[in-house]
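Below you'll find the structure, written out as structure tokens, and then a few comments.
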Amino acid sequence: MALIKTDGKQAVDVSEEAVKIEFPCENYMVKVVATDGANLLKELTECMQKYAPEVTADSVTAKRSSKARFVSFTYRILATGETQLAALHKDLMAHSAVKMVI
């Protein structure tokens with residue numbers, strides 16, 4: 001697995017010994033941490049659906065921080081490859097509220 005920068009490019013070289021994900025990978029977890037706001041779930045879910053059409057707002061779990069300033073959303077998707085994941089990461093990070101994508 002590679003670390004990906006906000007511009008979607010690989011941050012570090014992937015060694016031959018690194019654990020590899022076999023694609024397609026069902027139930028792949030994508031966690032998005034963002035500042036809470038109106039329509040955030042809808043906007044992020046629409047972004048996710050561009051790359052993983054099986055995602056629905058009902059299939060997302062959300063957890064608010066103790067002071068309710070941040071919220072983390074956990075999506076489970078069918079990951080089809082590194083290209084899909086890099087493009088998804090780039091689009092999610094482009095949202096002004098998003099602070100981190102794991």
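Labeling convention for the structure tokens: chains A, B, ... as they appear, residues from 1 per chain, ligands from 1 in order of appearance.
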Show which residues sit within 8 Å of Met29 in chain A, as a PDB file with N, CA and C atoms, in the first residue's frame. Count only C-alpha atoms, and ignore same-chain residues fewer than 6 positions away.
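Written output follows (selection.pdb):
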ATOM      1  N   THR A  74     -17.165   6.897   8.051  1.00  0.00           N
ATOM      2  CA  THR A  74     -16.551   5.654   7.595  1.00  0.00           C
ATOM      3  C   THR A  74     -17.403   5.073   6.477  1.00  0.00           C
ATOM      4  N   TYR A  75     -16.768   4.927   5.326  1.00  0.00           N
ATOM      5  CA  TYR A  75     -17.413   4.352   4.142  1.00  0.00           C
ATOM      6  C   TYR A  75     -16.788   2.990   3.883  1.00  0.00           C
ATOM      7  N   ARG A  76     -17.582   2.053   3.421  1.00  0.00           N
ATOM      8  CA  ARG A  76     -17.100   0.742   2.973  1.00  0.00           C
ATOM      9  C   ARG A  76     -17.397   0.661   1.482  1.00  0.00           C
ATOM     10  N   ILE A  77     -16.342   0.462   0.693  1.00  0.00           N
ATOM     11  CA  ILE A  77     -16.509   0.475  -0.757  1.00  0.00           C
ATOM     12  C   ILE A  77     -15.916  -0.784  -1.388  1.00  0.00           C
TER      13      ILE A  77
END
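Within range 35-98 of chain A, the backbone-based DSSP assignment of strand (DSSP E) covers Thr35, Thr61, Ala62, Lys63, Arg64, Phe70, Val71, Ser72, Phe73, Thr74, Tyr75, Arg76, Ile77, Leu78, Ala79 and Val98 of chain A.
For chain A, backbone-based DSSP assignment of helix (DSSP H, G or I) covers Leu40, Leu41, Lys42, Glu43, Leu44, Thr45, Glu46, Cys47, Met48, Gln49, Lys50, Tyr51, Ala57, Asp58, Ser59, Glu82, Thr83, Gln84, Leu85, Ala86, Ala87, Leu88, His89, Lys90, Asp91, Leu92 and Met93 of chain A.
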Write the residues of the preceding selection, restricted to C-alpha atoms, as an mmCIF file, in the first residue's frame.
data_model
loop_
_atom_site.group_PDB
_atom_site.id
_atom_site.type_symbol
_atom_site.label_atom_id
_atom_site.label_comp_id
_atom_site.auth_asym_id
_atom_site.auth_seq_id
_atom_site.Cartn_x
_atom_site.Cartn_y
_atom_site.Cartn_z
ATOM 1 C CA LEU A 40 -21.505 17.595 4.561
ATOM 2 C CA LEU A 41 -22.705 13.977 4.553
ATOM 3 C CA LYS A 42 -24.591 14.521 1.287
ATOM 4 C CA GLU A 43 -21.634 16.226 -0.414
ATOM 5 C CA LEU A 44 -19.090 13.613 0.659
ATOM 6 C CA THR A 45 -21.407 10.736 -0.258
ATOM 7 C CA GLU A 46 -21.924 12.215 -3.740
ATOM 8 C CA CYS A 47 -18.136 12.439 -4.138
ATOM 9 C CA MET A 48 -17.743 8.819 -3.010
ATOM 10 C CA GLN A 49 -20.447 7.656 -5.439
ATOM 11 C CA LYS A 50 -18.405 8.914 -8.417
ATOM 12 C CA TYR A 51 -15.869 6.176 -7.645
ATOM 13 C CA ALA A 57 -25.928 7.716 2.793
ATOM 14 C CA ASP A 58 -27.506 4.894 4.812
ATOM 15 C CA SER A 59 -24.360 2.753 4.601
ATOM 16 C CA GLU A 82 -4.912 2.100 -6.924
ATOM 17 C CA THR A 83 -6.063 4.521 -9.646
ATOM 18 C CA GLN A 84 -9.588 4.588 -8.193
ATOM 19 C CA LEU A 85 -8.304 5.121 -4.646
ATOM 20 C CA ALA A 86 -5.880 7.898 -5.644
ATOM 21 C CA ALA A 87 -8.576 9.783 -7.579
ATOM 22 C CA LEU A 88 -11.061 9.352 -4.726
ATOM 23 C CA HIS A 89 -8.502 10.639 -2.206
ATOM 24 C CA LYS A 90 -7.723 13.668 -4.380
ATOM 25 C CA ASP A 91 -11.407 14.597 -4.818
ATOM 26 C CA LEU A 92 -12.201 14.161 -1.118
ATOM 27 C CA MET A 93 -9.205 16.283 -0.057
#
Val32 in chain A surroundings by only C-alpha atoms, 6 Å radius, close-in-sequence under 3 positions cut, as a list in words: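 Returned residues: Ser72, Phe73, Met100 and Val101 of chain A.
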Interatomic distance, CA of Ala34 in chain A to CA of Arg64 in chain A (Å, one decimal):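 For CA of Ala34 in chain A relative to CA of Arg64 in chain A, the distance reads 9.8 Å.
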Ile21 in chain A environment, 9 Å, only C-alpha atoms, sequence neighbours closer than 2 positions dropped, as JSON, numbers by chain: {"A": [1, 19, 23, 24, 25, 81]}
Any chance you can output those residues with N, CA, C and O atoms as a PDB file, in the first residue's frame?
ATOM      1  N   MET A   1       0.859  -1.172   0.000  1.00  0.00           N
ATOM      2  CA  MET A   1       0.000   0.000   0.000  1.00  0.00           C
ATOM      3  C   MET A   1       0.903   1.232   0.000  1.00  0.00           C
ATOM      4  O   MET A   1       1.919   1.260   0.671  1.00  0.00           O
ATOM      5  N   VAL A  19       2.865  -4.983   2.397  1.00  0.00           N
ATOM      6  CA  VAL A  19       1.627  -5.727   2.226  1.00  0.00           C
ATOM      7  C   VAL A  19       0.885  -5.155   1.026  1.00  0.00           C
ATOM      8  O   VAL A  19       0.713  -3.951   0.913  1.00  0.00           O
ATOM      9  N   PHE A  23      -6.878  -6.493  -5.615  1.00  0.00           N
ATOM     10  CA  PHE A  23      -8.068  -5.860  -6.170  1.00  0.00           C
ATOM     11  C   PHE A  23      -8.787  -6.827  -7.091  1.00  0.00           C
ATOM     12  O   PHE A  23      -8.123  -7.615  -7.765  1.00  0.00           O
ATOM     13  N   PRO A  24     -10.089  -6.785  -7.151  1.00  0.00           N
ATOM     14  CA  PRO A  24     -10.964  -5.901  -6.378  1.00  0.00           C
ATOM     15  C   PRO A  24     -11.012  -6.325  -4.910  1.00  0.00           C
ATOM     16  O   PRO A  24     -10.857  -7.498  -4.586  1.00  0.00           O
ATOM     17  N   CYS A  25     -11.210  -5.349  -4.048  1.00  0.00           N
ATOM     18  CA  CYS A  25     -11.227  -5.566  -2.606  1.00  0.00           C
ATOM     19  C   CYS A  25     -12.580  -5.093  -2.063  1.00  0.00           C
ATOM     20  O   CYS A  25     -12.856  -3.894  -2.025  1.00  0.00           O
ATOM     21  N   GLY A  81      -8.931  -0.607  -7.611  1.00  0.00           N
ATOM     22  CA  GLY A  81      -7.517  -0.447  -7.939  1.00  0.00           C
ATOM     23  C   GLY A  81      -6.932   0.824  -7.356  1.00  0.00           C
ATOM     24  O   GLY A  81      -7.633   1.671  -6.812  1.00  0.00           O
TER      25      GLY A  81
END
CA of Ala79 in chain A to CA of Lys99 in chain A, distance in Å rounded to a single decimal: 21.8 Å
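Close contacts of Ala97 in chain A, defined as residues with an atom at most 8 Å away when counting only C-alpha atoms, with chain neighbours fewer than 3 positions off set aside, comprise Ala34, Thr35, Asp36 and Gly37 of chain A.
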